[in-house]
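Visitor: model-v4.pdb is reproduced below (PDB, C-alpha atoms and all ligand atoms).
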ATOM      1  CA  MET A   1     -11.923   3.801 -11.073
ATOM      2  CA  HIS A   2     -13.727   0.504 -10.627
ATOM      3  CA  ASN A   3     -16.957   1.839 -12.082
ATOM      4  CA  ALA A   4     -15.084   3.356 -15.038
ATOM      5  CA  ALA A   5     -13.579  -0.058 -15.767
ATOM      6  CA  ILE A   6     -16.924  -1.854 -15.331
ATOM      7  CA  ALA A   7     -18.641   0.605 -17.703
ATOM      8  CA  HIS A   8     -15.855   0.204 -20.266
ATOM      9  CA  LEU A   9     -16.206  -3.583 -20.142
ATOM     10  CA  GLY A  10     -19.999  -3.299 -20.490
ATOM     11  CA  LEU A  11     -20.604  -5.394 -17.380
ATOM     12  CA  ASP A  12     -23.673  -5.204 -15.156
ATOM     13  CA  TYR A  13     -21.958  -4.482 -11.835
ATOM     14  CA  VAL A  14     -21.563  -1.434  -9.634
ATOM     15  CA  TYR A  15     -18.970  -0.536  -6.975
ATOM     16  CA  LEU A  16     -20.578   1.253  -4.022
ATOM     17  CA  PRO A  17     -19.420   2.684  -0.686
ATOM     18  CA  LEU A  18     -21.199   0.877   2.168
ATOM     19  CA  PRO A  19     -20.388   2.277   5.629
ATOM     20  CA  VAL A  20     -20.593  -0.526   8.237
ATOM     21  CA  LYS A  21     -20.217  -0.078  12.004
ATOM     22  CA  PRO A  22     -17.761  -2.495  13.679
ATOM     23  CA  GLU A  23     -20.549  -4.184  15.649
ATOM     24  CA  ASN A  24     -22.450  -4.874  12.403
ATOM     25  CA  LEU A  25     -19.596  -6.401  10.386
ATOM     26  CA  ALA A  26     -20.678 -10.058  10.698
ATOM     27  CA  ALA A  27     -24.317  -9.224   9.936
ATOM     28  CA  ALA A  28     -23.317  -7.069   6.964
ATOM     29  CA  ILE A  29     -21.202  -9.849   5.502
ATOM     30  CA  ALA A  30     -23.953 -12.426   5.948
ATOM     31  CA  GLY A  31     -26.244  -9.965   4.165
ATOM     32  CA  PHE A  32     -23.737  -9.508   1.336
ATOM     33  CA  ALA A  33     -23.785 -13.289   0.805
ATOM     34  CA  ALA A  34     -27.597 -13.367   0.924
ATOM     35  CA  ILE A  35     -27.939 -10.736  -1.820
ATOM     36  CA  GLY A  36     -25.296 -12.344  -4.030
ATOM     37  CA  LEU A  37     -22.545  -9.714  -3.852
ATOM     38  CA  ARG A  38     -19.587 -10.740  -6.025
ATOM     39  CA  GLY A  39     -17.013  -9.177  -3.736
ATOM     40  CA  PHE A  40     -15.943  -6.068  -1.893
ATOM     41  CA  SER A  41     -13.050  -3.937  -0.726
ATOM     42  CA  ILE A  42     -12.634  -3.598   3.007
ATOM     43  CA  THR A  43     -10.893  -0.808   4.821
ATOM     44  CA  ILE A  44     -10.347   0.803   8.213
ATOM     45  CA  PRO A  45     -11.527  -0.253  10.804
ATOM     46  CA  HIS A  46     -12.399  -3.723   9.480
ATOM     47  CA  LYS A  47      -9.171  -4.894   7.832
ATOM     48  CA  GLN A  48      -8.198  -7.217  10.696
ATOM     49  CA  ALA A  49     -11.653  -7.813  12.188
ATOM     50  CA  ILE A  50     -12.831  -9.529   9.002
ATOM     51  CA  LEU A  51     -10.204 -12.285   9.215
ATOM     52  CA  PRO A  52     -12.258 -14.729  11.360
ATOM     53  CA  LEU A  53     -15.298 -14.197   9.112
ATOM     54  CA  LEU A  54     -13.531 -15.520   6.010
ATOM     55  CA  SER A  55     -13.383 -19.157   4.947
ATOM     56  CA  GLU A  56     -10.018 -18.621   3.243
ATOM     57  CA  VAL A  57      -7.267 -16.038   3.753
ATOM     58  CA  SER A  58      -4.371 -15.806   1.268
ATOM     59  CA  ALA A  59      -0.783 -16.255   2.452
ATOM     60  CA  ILE A  60      -0.089 -12.598   1.539
ATOM     61  CA  ALA A  61      -2.973 -11.346   3.692
ATOM     62  CA  GLN A  62      -1.821 -13.581   6.541
ATOM     63  CA  ALA A  63       1.692 -12.153   6.257
ATOM     64  CA  VAL A  64       0.431  -8.555   6.174
ATOM     65  CA  GLY A  65      -2.093  -9.325   8.921
ATOM     66  CA  ALA A  66      -4.889  -7.493   7.121
ATOM     67  CA  VAL A  67      -7.331  -8.050   4.265
ATOM     68  CA  ASN A  68      -8.397  -5.380   1.764
ATOM     69  CA  THR A  69     -10.182  -7.471  -0.895
ATOM     70  CA  VAL A  70     -12.856 -10.148  -0.475
ATOM     71  CA  TRP A  71     -14.608 -12.273  -3.082
ATOM     72  CA  ARG A  72     -17.275 -14.961  -3.047
ATOM     73  CA  THR A  73     -16.458 -18.620  -3.635
ATOM     74  CA  ASN A  74     -18.545 -21.771  -3.273
ATOM     75  CA  ALA A  75     -16.984 -22.267   0.172
ATOM     76  CA  GLY A  76     -17.768 -18.756   1.425
ATOM     77  CA  TRP A  77     -15.742 -15.545   1.411
ATOM     78  CA  SER A  78     -12.071 -15.506   0.405
ATOM     79  CA  GLY A  79      -9.824 -12.628   1.348
ATOM     80  CA  THR A  80      -6.470 -11.290   0.270
ATOM     81  CA  ASN A  81      -4.429  -8.110   0.432
ATOM     82  CA  THR A  82      -3.721  -6.446  -2.918
ATOM     83  CA  ASP A  83      -1.658  -3.580  -1.402
ATOM     84  CA  VAL A  84       1.520  -5.651  -1.757
ATOM     85  CA  GLU A  85       0.913  -6.180  -5.490
ATOM     86  CA  GLY A  86       0.062  -2.479  -5.835
ATOM     87  CA  PHE A  87       3.173  -1.390  -3.953
ATOM     88  CA  LEU A  88       5.412  -3.659  -6.022
ATOM     89  CA  ALA A  89       4.073  -2.692  -9.469
ATOM     90  CA  PRO A  90       6.150   0.526  -9.953
ATOM     91  CA  LEU A  91       9.241  -1.132  -8.436
ATOM     92  CA  LYS A  92       9.027  -4.176 -10.712
ATOM     93  CA  ALA A  93       8.777  -1.756 -13.661
ATOM     94  CA  GLN A  94      12.346  -0.641 -12.774
ATOM     95  CA  ASN A  95      13.643  -4.075 -13.883
ATOM     96  CA  ARG A  96      16.552  -4.221 -11.487
ATOM     97  CA  ASP A  97      18.216  -6.630  -9.118
ATOM     98  CA  TRP A  98      17.044  -5.915  -5.559
ATOM     99  CA  SER A  99      19.265  -8.417  -3.768
ATOM    100  CA  GLN A 100      21.743  -5.771  -2.549
ATOM    101  CA  THR A 101      19.052  -3.199  -1.690
ATOM    102  CA  THR A 102      18.866  -1.504   1.697
ATOM    103  CA  VAL A 103      15.341  -0.251   2.390
ATOM    104  CA  VAL A 104      14.460   2.429   4.943
ATOM    105  CA  ILE A 105      10.759   2.378   5.829
ATOM    106  CA  LEU A 106       9.393   5.545   7.451
ATOM    107  CA  GLY A 107       6.577   4.496   9.801
ATOM    108  CA  ASN A 108       5.400   1.173  11.199
ATOM    109  CA  GLY A 109       1.623   1.137  10.681
ATOM    110  CA  GLY A 110      -0.629  -0.836   8.323
ATOM    111  CA  ALA A 111       0.881   0.261   5.003
ATOM    112  CA  ALA A 112       4.394  -0.411   6.349
ATOM    113  CA  ARG A 113       3.387  -4.063   6.747
ATOM    114  CA  ALA A 114       2.560  -4.329   3.029
ATOM    115  CA  VAL A 115       5.911  -2.671   2.269
ATOM    116  CA  VAL A 116       7.807  -5.204   4.406
ATOM    117  CA  VAL A 117       6.090  -8.144   2.675
ATOM    118  CA  GLY A 118       6.662  -6.544  -0.751
ATOM    119  CA  CYS A 119      10.348  -5.853  -0.123
ATOM    120  CA  GLY A 120      10.672  -9.388   1.262
ATOM    121  CA  GLN A 121       9.226 -10.733  -1.995
ATOM    122  CA  LEU A 122      11.700  -8.623  -3.980
ATOM    123  CA  GLY A 123      14.490 -10.224  -1.944
ATOM    124  CA  CYS A 124      15.864  -6.943  -0.569
ATOM    125  CA  ALA A 125      19.026  -7.408   1.494
ATOM    126  CA  ARG A 126      17.861  -5.476   4.554
ATOM    127  CA  MET A 127      14.961  -3.390   5.811
ATOM    128  CA  GLN A 128      15.172  -0.717   8.471
ATOM    129  CA  ALA A 129      11.816   0.454   9.808
ATOM    130  CA  VAL A 130      11.899   3.838  11.528
ATOM    131  CA  GLY A 131       9.246   4.999  13.992
ATOM    132  CA  ARG A 132       8.563   7.443  16.781
ATOM    133  CA  SER A 133       7.276   4.968  19.387
ATOM    134  CA  GLN A 134       9.823   2.469  20.730
ATOM    135  CA  GLN A 135       7.036   0.237  22.007
ATOM    136  CA  LYS A 136       5.239   0.135  18.631
ATOM    137  CA  LEU A 137       8.558  -0.495  16.884
ATOM    138  CA  GLU A 138       9.258  -3.482  19.101
ATOM    139  CA  THR A 139       5.764  -4.909  18.568
ATOM    140  CA  PHE A 140       6.237  -4.394  14.820
ATOM    141  CA  ALA A 141       9.600  -6.199  14.868
ATOM    142  CA  GLN A 142       8.232  -9.112  16.916
ATOM    143  CA  SER A 143       5.200  -9.525  14.652
ATOM    144  CA  TRP A 144       7.436 -10.933  11.887
ATOM    145  CA  ALA A 145       8.879 -13.715  14.031
ATOM    146  CA  GLY A 146       6.921 -16.467  12.241
ATOM    147  CA  ALA A 147       7.144 -14.965   8.735
ATOM    148  CA  SER A 148       7.501 -17.489   5.925
ATOM    149  CA  LEU A 149       9.757 -15.146   3.911
ATOM    150  CA  PRO A 150      13.304 -14.526   5.158
ATOM    151  CA  LEU A 151      13.076 -10.885   6.324
ATOM    152  CA  ASN A 152      16.194  -9.057   7.468
ATOM    153  CA  LEU A 153      14.281  -6.345   9.351
ATOM    154  CA  THR A 154      15.560  -4.081  12.112
ATOM    155  CA  VAL A 155      13.730  -1.218  13.839
ATOM    156  CA  HIS A 156      15.154   2.212  14.644
ATOM    157  CA  ALA A 157      14.225   5.427  16.410
ATOM    158  CA  TRP A 158      13.370   8.419  14.206
ATOM    159  CA  GLU A 159      16.477  10.280  15.452
ATOM    160  CA  THR A 160      18.760   7.699  13.809
ATOM    161  CA  LEU A 161      17.590   8.627  10.290
ATOM    162  CA  PRO A 162      20.633  10.836   9.494
ATOM    163  CA  ASP A 163      22.818   7.739   9.986
ATOM    164  CA  LEU A 164      20.551   5.416   7.979
ATOM    165  CA  LEU A 165      19.691   7.576   4.959
ATOM    166  CA  PRO A 166      23.122   7.820   3.248
ATOM    167  CA  ASP A 167      23.190   4.028   2.730
ATOM    168  CA  ALA A 168      19.516   3.666   1.782
ATOM    169  CA  ASP A 169      18.769   2.529  -1.789
ATOM    170  CA  LEU A 170      15.005   2.687  -1.314
ATOM    171  CA  VAL A 171      13.264   5.031   1.156
ATOM    172  CA  VAL A 172       9.518   4.475   1.543
ATOM    173  CA  ASN A 173       7.290   6.968   3.323
ATOM    174  CA  THR A 174       4.413   5.019   4.879
ATOM    175  CA  THR A 175       3.403   7.840   7.249
ATOM    176  CA  PRO A 176       0.627  10.302   6.364
ATOM    177  CA  ILE A 177       3.066  13.227   6.828
ATOM    178  CA  GLY A 178       2.764  15.497   3.770
ATOM    179  CA  MET A 179      -0.679  14.266   2.746
ATOM    180  CA  HIS A 180      -3.261  16.846   1.662
ATOM    181  CA  PRO A 181      -3.995  19.311   3.281
ATOM    182  CA  GLN A 182      -0.626  19.300   5.177
ATOM    183  CA  VAL A 183       1.197  19.686   1.875
ATOM    184  CA  GLU A 184       4.227  21.516   3.273
ATOM    185  CA  ALA A 185       4.983  18.810   5.851
ATOM    186  CA  SER A 186       7.629  16.154   5.225
ATOM    187  CA  PRO A 187       8.784  13.139   7.240
ATOM    188  CA  LEU A 188      12.352  14.388   6.634
ATOM    189  CA  SER A 189      13.696  17.624   8.075
ATOM    190  CA  PRO A 190      15.800  19.673   5.591
ATOM    191  CA  GLN A 191      18.965  18.364   7.278
ATOM    192  CA  MET A 192      17.778  14.760   7.006
ATOM    193  CA  ALA A 193      16.749  15.193   3.364
ATOM    194  CA  GLU A 194      20.299  16.257   2.482
ATOM    195  CA  LYS A 195      21.449  12.799   3.554
ATOM    196  CA  LEU A 196      19.469  11.109   0.752
ATOM    197  CA  SER A 197      21.746   9.634  -1.873
ATOM    198  CA  ASN A 198      21.276  10.433  -5.570
ATOM    199  CA  ARG A 199      21.199   6.682  -6.307
ATOM    200  CA  ALA A 200      18.232   6.196  -3.967
ATOM    201  CA  ILE A 201      14.614   5.636  -4.936
ATOM    202  CA  ALA A 202      12.238   7.741  -2.811
ATOM    203  CA  TYR A 203       8.778   6.190  -2.743
ATOM    204  CA  ASP A 204       5.900   8.047  -1.095
ATOM    205  CA  LEU A 205       2.699   6.027  -0.601
ATOM    206  CA  ILE A 206       0.782   9.322  -0.468
ATOM    207  CA  TYR A 207      -0.995  10.151  -3.745
ATOM    208  CA  THR A 208      -2.233  13.717  -3.082
ATOM    209  CA  PRO A 209      -0.473  16.052  -3.507
ATOM    210  CA  SER A 210       1.816  14.789  -6.238
ATOM    211  CA  PRO A 211       4.683  15.312  -5.747
ATOM    212  CA  THR A 212       4.722  15.547  -1.963
ATOM    213  CA  ARG A 213       7.307  17.675  -0.181
ATOM    214  CA  PHE A 214       9.258  14.461   0.596
ATOM    215  CA  LEU A 215       9.448  13.633  -3.126
ATOM    216  CA  ARG A 216      10.423  17.224  -3.975
ATOM    217  CA  GLN A 217      13.253  16.986  -1.424
ATOM    218  CA  ALA A 218      14.359  13.712  -3.040
ATOM    219  CA  GLN A 219      14.276  15.280  -6.515
ATOM    220  CA  VAL A 220      16.611  18.045  -5.311
ATOM    221  CA  GLN A 221      19.026  15.333  -4.136
ATOM    222  CA  GLY A 222      18.913  13.737  -7.603
ATOM    223  CA  ALA A 223      17.052  10.635  -6.378
ATOM    224  CA  THR A 224      14.432   8.735  -8.397
ATOM    225  CA  THR A 225      10.880   9.339  -7.144
ATOM    226  CA  ILE A 226       7.674   7.290  -7.130
ATOM    227  CA  ASP A 227       4.352   8.563  -5.754
ATOM    228  CA  GLY A 228       1.468   6.495  -4.357
ATOM    229  CA  LEU A 229      -0.905   6.804  -7.295
ATOM    230  CA  GLU A 230       0.242   3.702  -9.153
ATOM    231  CA  MET A 231       0.030   1.631  -5.965
ATOM    232  CA  LEU A 232      -3.571   2.762  -5.551
ATOM    233  CA  VAL A 233      -4.378   1.989  -9.205
ATOM    234  CA  GLN A 234      -2.674  -1.403  -9.172
ATOM    235  CA  GLN A 235      -4.199  -2.610  -5.884
ATOM    236  CA  GLY A 236      -7.569  -1.763  -7.489
ATOM    237  CA  VAL A 237      -6.675  -3.567 -10.724
ATOM    238  CA  ALA A 238      -5.710  -6.644  -8.703
ATOM    239  CA  ALA A 239      -8.997  -6.500  -6.774
ATOM    240  CA  LEU A 240     -11.128  -6.056  -9.893
ATOM    241  CA  THR A 241      -9.300  -8.953 -11.529
ATOM    242  CA  LEU A 242     -10.330 -11.182  -8.616
ATOM    243  CA  TRP A 243     -13.973 -10.059  -8.693
ATOM    244  CA  LEU A 244     -14.386 -10.346 -12.461
ATOM    245  CA  GLN A 245     -12.345 -13.485 -13.012
ATOM    246  CA  LEU A 246     -15.389 -15.474 -14.068
ATOM    247  CA  ASP A 247     -16.354 -12.959 -16.769
ATOM    248  CA  THR A 248     -13.123 -11.346 -17.862
ATOM    249  CA  PRO A 249      -9.537 -12.460 -18.470
ATOM    250  CA  ALA A 250      -7.094 -10.434 -16.335
ATOM    251  CA  ALA A 251      -5.457  -9.024 -19.461
ATOM    252  CA  THR A 252      -8.616  -7.168 -20.431
ATOM    253  CA  ILE A 253      -8.892  -5.041 -17.255
ATOM    254  CA  PRO A 254      -8.640  -1.476 -18.669
ATOM    255  CA  VAL A 255      -5.829  -0.154 -16.456
ATOM    256  CA  ASP A 256      -5.447   3.145 -18.348
ATOM    257  CA  ILE A 257      -9.147   3.899 -17.929
ATOM    258  CA  MET A 258      -8.913   3.188 -14.197
ATOM    259  CA  ARG A 259      -5.836   5.417 -13.809
ATOM    260  CA  HIS A 260      -7.509   8.214 -15.792
ATOM    261  CA  ALA A 261     -10.726   8.013 -13.731
ATOM    262  CA  LEU A 262      -8.775   8.046 -10.477
ATOM    263  CA  LYS A 263      -6.721  11.090 -11.495
ATOM    264  CA  GLN A 264      -9.892  12.915 -12.506
ATOM    265  CA  GLN A 265     -11.508  12.074  -9.175
ATOM    266  CA  LEU A 266      -8.441  13.244  -7.240
ATOM    267  CA  GLY A 267      -8.130  16.447  -9.302
ATOM    268  CA  LEU A 268      -4.686  15.421 -10.609
ATOM    269  CA  PRO A 269      -3.540  16.306 -14.158
ATOM    270  CA  THR A 270      -4.618  13.487 -16.544
TER     271      THR A 270
HETATM  272  P1  LIG B   1      -1.394   3.885   9.892
HETATM  273  O1  LIG B   1      -1.631   2.431  10.078
HETATM  274  O2  LIG B   1      -2.097   4.860  10.765
HETATM  275  O3  LIG B   1       0.199   4.115  10.046
HETATM  276  C1  LIG B   1       0.764   5.398   9.978
HETATM  277  C2  LIG B   1       2.201   5.344  10.486
HETATM  278  O4  LIG B   1       2.726   6.674  10.382
HETATM  279  C3  LIG B   1       2.336   4.925  11.950
HETATM  280  O5  LIG B   1       3.527   4.198  12.117
HETATM  281  C4  LIG B   1       2.460   6.284  12.664
HETATM  282  O6  LIG B   1       3.175   6.239  13.855
HETATM  283  C5  LIG B   1       3.259   7.055  11.642
HETATM  284  N1  LIG B   1       3.107   8.493  11.836
HETATM  285  C6  LIG B   1       1.976   9.222  11.719
HETATM  286  N2  LIG B   1       2.248  10.518  11.976
HETATM  287  C7  LIG B   1       3.579  10.586  12.289
HETATM  288  C8  LIG B   1       4.445  11.656  12.659
HETATM  289  N3  LIG B   1       4.009  12.917  12.751
HETATM  290  N4  LIG B   1       5.758  11.365  12.886
HETATM  291  C9  LIG B   1       6.195  10.096  12.783
HETATM  292  N5  LIG B   1       5.417   9.042  12.436
HETATM  293  C10 LIG B   1       4.118   9.290  12.186
HETATM  294  O7  LIG B   1      -1.742   4.344   8.417
HETATM  295  P2  LIG B   1      -1.574   3.468   7.069
HETATM  296  O8  LIG B   1      -2.837   2.792   6.760
HETATM  297  O9  LIG B   1      -0.329   2.669   7.198
HETATM  298  O10 LIG B   1      -1.412   4.630   5.964
HETATM  299  C11 LIG B   1      -0.276   5.457   5.984
HETATM  300  C12 LIG B   1      -0.200   6.294   4.701
HETATM  301  O11 LIG B   1      -0.074   5.447   3.573
HETATM  302  C13 LIG B   1      -1.421   7.178   4.450
HETATM  303  O12 LIG B   1      -0.976   8.420   3.950
HETATM  304  C14 LIG B   1      -2.185   6.420   3.373
HETATM  305  O13 LIG B   1      -2.940   7.279   2.541
HETATM  306  C15 LIG B   1      -1.030   5.808   2.604
HETATM  307  N6  LIG B   1      -1.451   4.604   1.864
HETATM  308  C16 LIG B   1      -1.429   4.655   0.501
HETATM  309  C17 LIG B   1      -1.804   3.549  -0.219
HETATM  310  C18 LIG B   1      -1.773   3.603  -1.731
HETATM  311  O14 LIG B   1      -2.431   2.772  -2.361
HETATM  312  N7  LIG B   1      -1.018   4.510  -2.327
HETATM  313  C19 LIG B   1      -2.203   2.376   0.442
HETATM  314  C20 LIG B   1      -2.193   2.342   1.842
HETATM  315  C21 LIG B   1      -1.813   3.475   2.550
HETATM  316  P3  LIG B   1       2.444   5.996  15.281
HETATM  317  O15 LIG B   1       1.978   4.566  15.244
HETATM  318  O16 LIG B   1       3.518   6.277  16.258
HETATM  319  O17 LIG B   1       1.281   6.952  15.319
END
Let's see the structure in the file written out as structure tokens.
Guide:
Amino acid sequence: MHNAAIAHLGLDYVYLPLPVKPENLAAAIAGFAAIGLRGFSITIPHKQAILPLLSEVSAIAQAVGAVNTVWRTNAGWSGTNTDVEGFLAPLKAQNRDWSQTTVVILGNGGAARAVVVGCGQLGCARMQAVGRSQQKLETFAQSWAGASLPLNLTVHAWETLPDLLPDADLVVNTTPIGMHPQVEASPLSPQMAEKLSNRAIAYDLIYTPSPTRFLRQAQVQGATTIDGLEMLVQQGVAALTLWLQLDTPAATIPVDIMRHALKQQLGLPT
């Protein structure tokens, strides 16, 4: 999607995959600076390890605890996390007041952190993160102790979902359950899915298949559904905007072309 946008804008850049071993991260980044790279995306397993190598880390990336986008400045490398912006884009399009919203977050890994920060920015009333490991849940809960946003976050065992779901206004699946090729899997058992309210929004961060089984269950309950494609597009739009800011006003990033290219690449209907 980045290359489609770059070609459309007629710019002389290219977006390339560059596999880097953990032990080579610092050397790779010094090399990127030496050859004049404008910026890069960074993913597993480097999203936290890169933090000490950056001269500036945005408040959002500090809150999430991970960086996914890096760009060159006169001072060195700056990093941020565009997953929060990507996650929020389809929710902001709903144009509603979130202040009374109860959010249930399925999972407590990396993507769940972006969801917590995003829902905190929306001003959601409460967040309930559900996980299968009590120890990981507690670490997750404690990690927000110094958060600058007021976060009303509690953590819960997976078995409590039937009690939590009826009151949930927004249910976000941040687990990989249901992702291709396990397309018949869902984070919710049939009995749990029946507890989803028809006024809820079910948001699956997974983008293939579309819809996932979780979203199909939510549709049956009459809930509104959002898949992970727009989050993926919009985190990329936000990253490209940062890299091209010297050449291109943000408004000219061709979002439709990026979305179309991504769908083609993923084999989704365009
Ligand atoms: P992660 O850090 O590995 O976290 C995954 C979470 O899911 C962990 O809390 C894990 O629990 C939980 N989990 C996994 N299998 C489970 C199971 N069978 N039952 C209960 N919980 C389970 O992964 P991530 O980076 O957050 O990514 C998670 C998903 O989000 C992936 O599908 C990814 O593709 C998607 N994602 C989408 C976007 C987008 O732009 N649309 C962006 C980021 C991520 P344990 O810790 O107990 O294993």
Visitor: How close does each residue of chain A get to ligand LIG 1 (chain B), giving the shortest atom pair and distance in Å to one decimal for every residue with an atom at most 6 Å away, counting all atoms listed in the file, sorted by chain and residue number, as a Markdown table?
Guide:
| residue | atom | partner | partner_atom | distance |
| --- | --- | --- | --- | --- |
| A:Gly107 | CA | B:LIG1 | O5 | 3.8 |
| A:Asn108 | CA | B:LIG1 | O5 | 3.7 |
| A:Gly109 | CA | B:LIG1 | O3 | 3.4 |
| A:Gly110 | CA | B:LIG1 | O9 | 3.7 |
| A:Ala111 | CA | B:LIG1 | O9 | 3.5 |
| A:Ala112 | CA | B:LIG1 | O9 | 5.7 |
| A:Gly131 | CA | B:LIG1 | N5 | 5.8 |
| A:Arg132 | CA | B:LIG1 | O16 | 5.2 |
| A:Ser133 | CA | B:LIG1 | O16 | 5.1 |
| A:Thr174 | CA | B:LIG1 | O11 | 4.7 |
| A:Thr175 | CA | B:LIG1 | O4 | 3.4 |
| A:Pro176 | CA | B:LIG1 | O12 | 3.5 |
| A:Ile177 | CA | B:LIG1 | N2 | 5.9 |
| A:Met179 | CA | B:LIG1 | O12 | 6.0 |
| A:Leu205 | CA | B:LIG1 | N7 | 4.4 |
| A:Ile206 | CA | B:LIG1 | O12 | 4.8 |
| A:Tyr207 | CA | B:LIG1 | N7 | 5.8 |
| A:Gly228 | CA | B:LIG1 | N7 | 3.8 |
| A:Leu229 | CA | B:LIG1 | N7 | 5.5 |
| A:Met231 | CA | B:LIG1 | O14 | 4.5 |
| A:Leu232 | CA | B:LIG1 | O14 | 3.4 |
Visitor: Give me, as a PyMOL selection string, all polymer residues having an atom no more than 10 Å from Leu149 of chain A, counting all atoms listed in the file and skipping those fewer than 5 positions away in the same chain.
Guide: chain A and resi 63+117+120-121+123+144
Visitor: Pick the closest to Ile105 of chain A from A:Asp256, A:Asp204, A:Asp83, A:Asp247: which is it, counting only C-alpha atoms?
Guide: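 Closest to Ile105 of chain A of all the choices is A:Asp204.
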Visitor: Could you check how far atom CA of Ala5 of chain A sits from atom CA of Gly236 of chain A, in Å to one decimal?
Guide: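 It comes out at 10.4 Å.
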Visitor: Determine the residue membership of the PyMOL selection byres (((chain A and resi 36-40) around 9) and not hetatm) for the file above and supply it as a ChimeraX atom specification.
Guide: /A:13,15-16,31-35,41-42,68-73,77,239,242-244
Visitor: Got a sec to resolve the PyMOL selection byres (((chain A and resi 190-192) around 8) and not hetatm) on this structure and send the residues as an MDAnalysis selection string?
Guide: chainID A and resid 161:162 165 188:189 193:196 217
Visitor: Compare A:Pro211, A:Pro45, A:Pro150, A:Gly178 by their minimum atom-to-atom distance to Arg126 of chain A, counting only C-alpha atoms, and give me the closest one.
Guide: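 The answer is A:Pro150, which sits nearest to Arg126 of chain A.
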Visitor: Measuring atom to atom with all atoms listed in the file, identify which of A:Ala147, A:Val220, A:Leu18, A:Val172 is nearest to Leu91 of chain A.
Guide: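 Going through A:Ala147, A:Val220, A:Leu18, A:Val172 one by one, the smallest distance to Leu91 of chain A is for A:Val172.
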Visitor: Nearest to Asn198 of chain A among A:Met258, A:Ala66, A:Ala223, A:Val233, with distances taken over all atoms listed in the file: which residue is it?
Guide: A:Ala223
Visitor: Enter the distance from atom CA of Val57 of chain A to atom CA of Ser78 of chain A, in Å, rounded to one decimal.
Guide: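 Computing it gives 5.9 Å between the two atoms.
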Visitor: Start from the incomplete input, build N, CA, C and O atoms for segment 234-245 of chain A, and deliver everything as a JSON list (two decimals), in the coordinates of the input.
Guide:
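Final output, result03.json:
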[["chain", "number", "residue", "atom", "x", "y", "z"],
["A", 234, "GLN", "N", -2.98, 0.02, -8.96],
["A", 234, "GLN", "CA", -2.67, -1.40, -9.17],
["A", 234, "GLN", "C", -3.30, -2.30, -8.10],
["A", 234, "GLN", "O", -3.64, -3.45, -8.39],
["A", 235, "GLN", "N", -3.48, -1.78, -6.86],
["A", 235, "GLN", "CA", -4.20, -2.61, -5.88],
["A", 235, "GLN", "C", -5.66, -2.76, -6.32],
["A", 235, "GLN", "O", -6.28, -3.79, -6.11],
["A", 236, "GLY", "N", -6.20, -1.70, -6.98],
["A", 236, "GLY", "CA", -7.57, -1.76, -7.49],
["A", 236, "GLY", "C", -7.69, -2.69, -8.69],
["A", 236, "GLY", "O", -8.66, -3.45, -8.81],
["A", 237, "VAL", "N", -6.69, -2.67, -9.56],
["A", 237, "VAL", "CA", -6.68, -3.57, -10.72],
["A", 237, "VAL", "C", -6.65, -5.02, -10.23],
["A", 237, "VAL", "O", -7.40, -5.87, -10.73],
["A", 238, "ALA", "N", -5.81, -5.27, -9.23],
["A", 238, "ALA", "CA", -5.71, -6.64, -8.70],
["A", 238, "ALA", "C", -7.04, -7.08, -8.09],
["A", 238, "ALA", "O", -7.47, -8.23, -8.26],
["A", 239, "ALA", "N", -7.71, -6.16, -7.39],
["A", 239, "ALA", "CA", -9.00, -6.50, -6.77],
["A", 239, "ALA", "C", -10.05, -6.77, -7.85],
["A", 239, "ALA", "O", -10.76, -7.78, -7.81],
["A", 240, "LEU", "N", -10.12, -5.89, -8.84],
["A", 240, "LEU", "CA", -11.13, -6.06, -9.89],
["A", 240, "LEU", "C", -10.90, -7.37, -10.66],
["A", 240, "LEU", "O", -11.85, -8.05, -11.04],
["A", 241, "THR", "N", -9.63, -7.70, -10.85],
["A", 241, "THR", "CA", -9.30, -8.95, -11.53],
["A", 241, "THR", "C", -9.88, -10.15, -10.76],
["A", 241, "THR", "O", -10.44, -11.08, -11.35],
["A", 242, "LEU", "N", -9.78, -10.09, -9.43],
["A", 242, "LEU", "CA", -10.33, -11.18, -8.62],
["A", 242, "LEU", "C", -11.86, -11.23, -8.72],
["A", 242, "LEU", "O", -12.45, -12.30, -8.86],
["A", 243, "TRP", "N", -12.50, -10.07, -8.67],
["A", 243, "TRP", "CA", -13.97, -10.06, -8.69],
["A", 243, "TRP", "C", -14.54, -10.47, -10.04],
["A", 243, "TRP", "O", -15.60, -11.06, -10.12],
["A", 244, "LEU", "N", -13.83, -10.12, -11.11],
["A", 244, "LEU", "CA", -14.39, -10.35, -12.46],
["A", 244, "LEU", "C", -13.85, -11.61, -13.11],
["A", 244, "LEU", "O", -14.15, -11.86, -14.27],
["A", 245, "GLN", "N", -13.07, -12.40, -12.35],
["A", 245, "GLN", "CA", -12.34, -13.48, -13.01],
["A", 245, "GLN", "C", -13.25, -14.45, -13.78],
["A", 245, "GLN", "O", -12.83, -15.06, -14.75]]
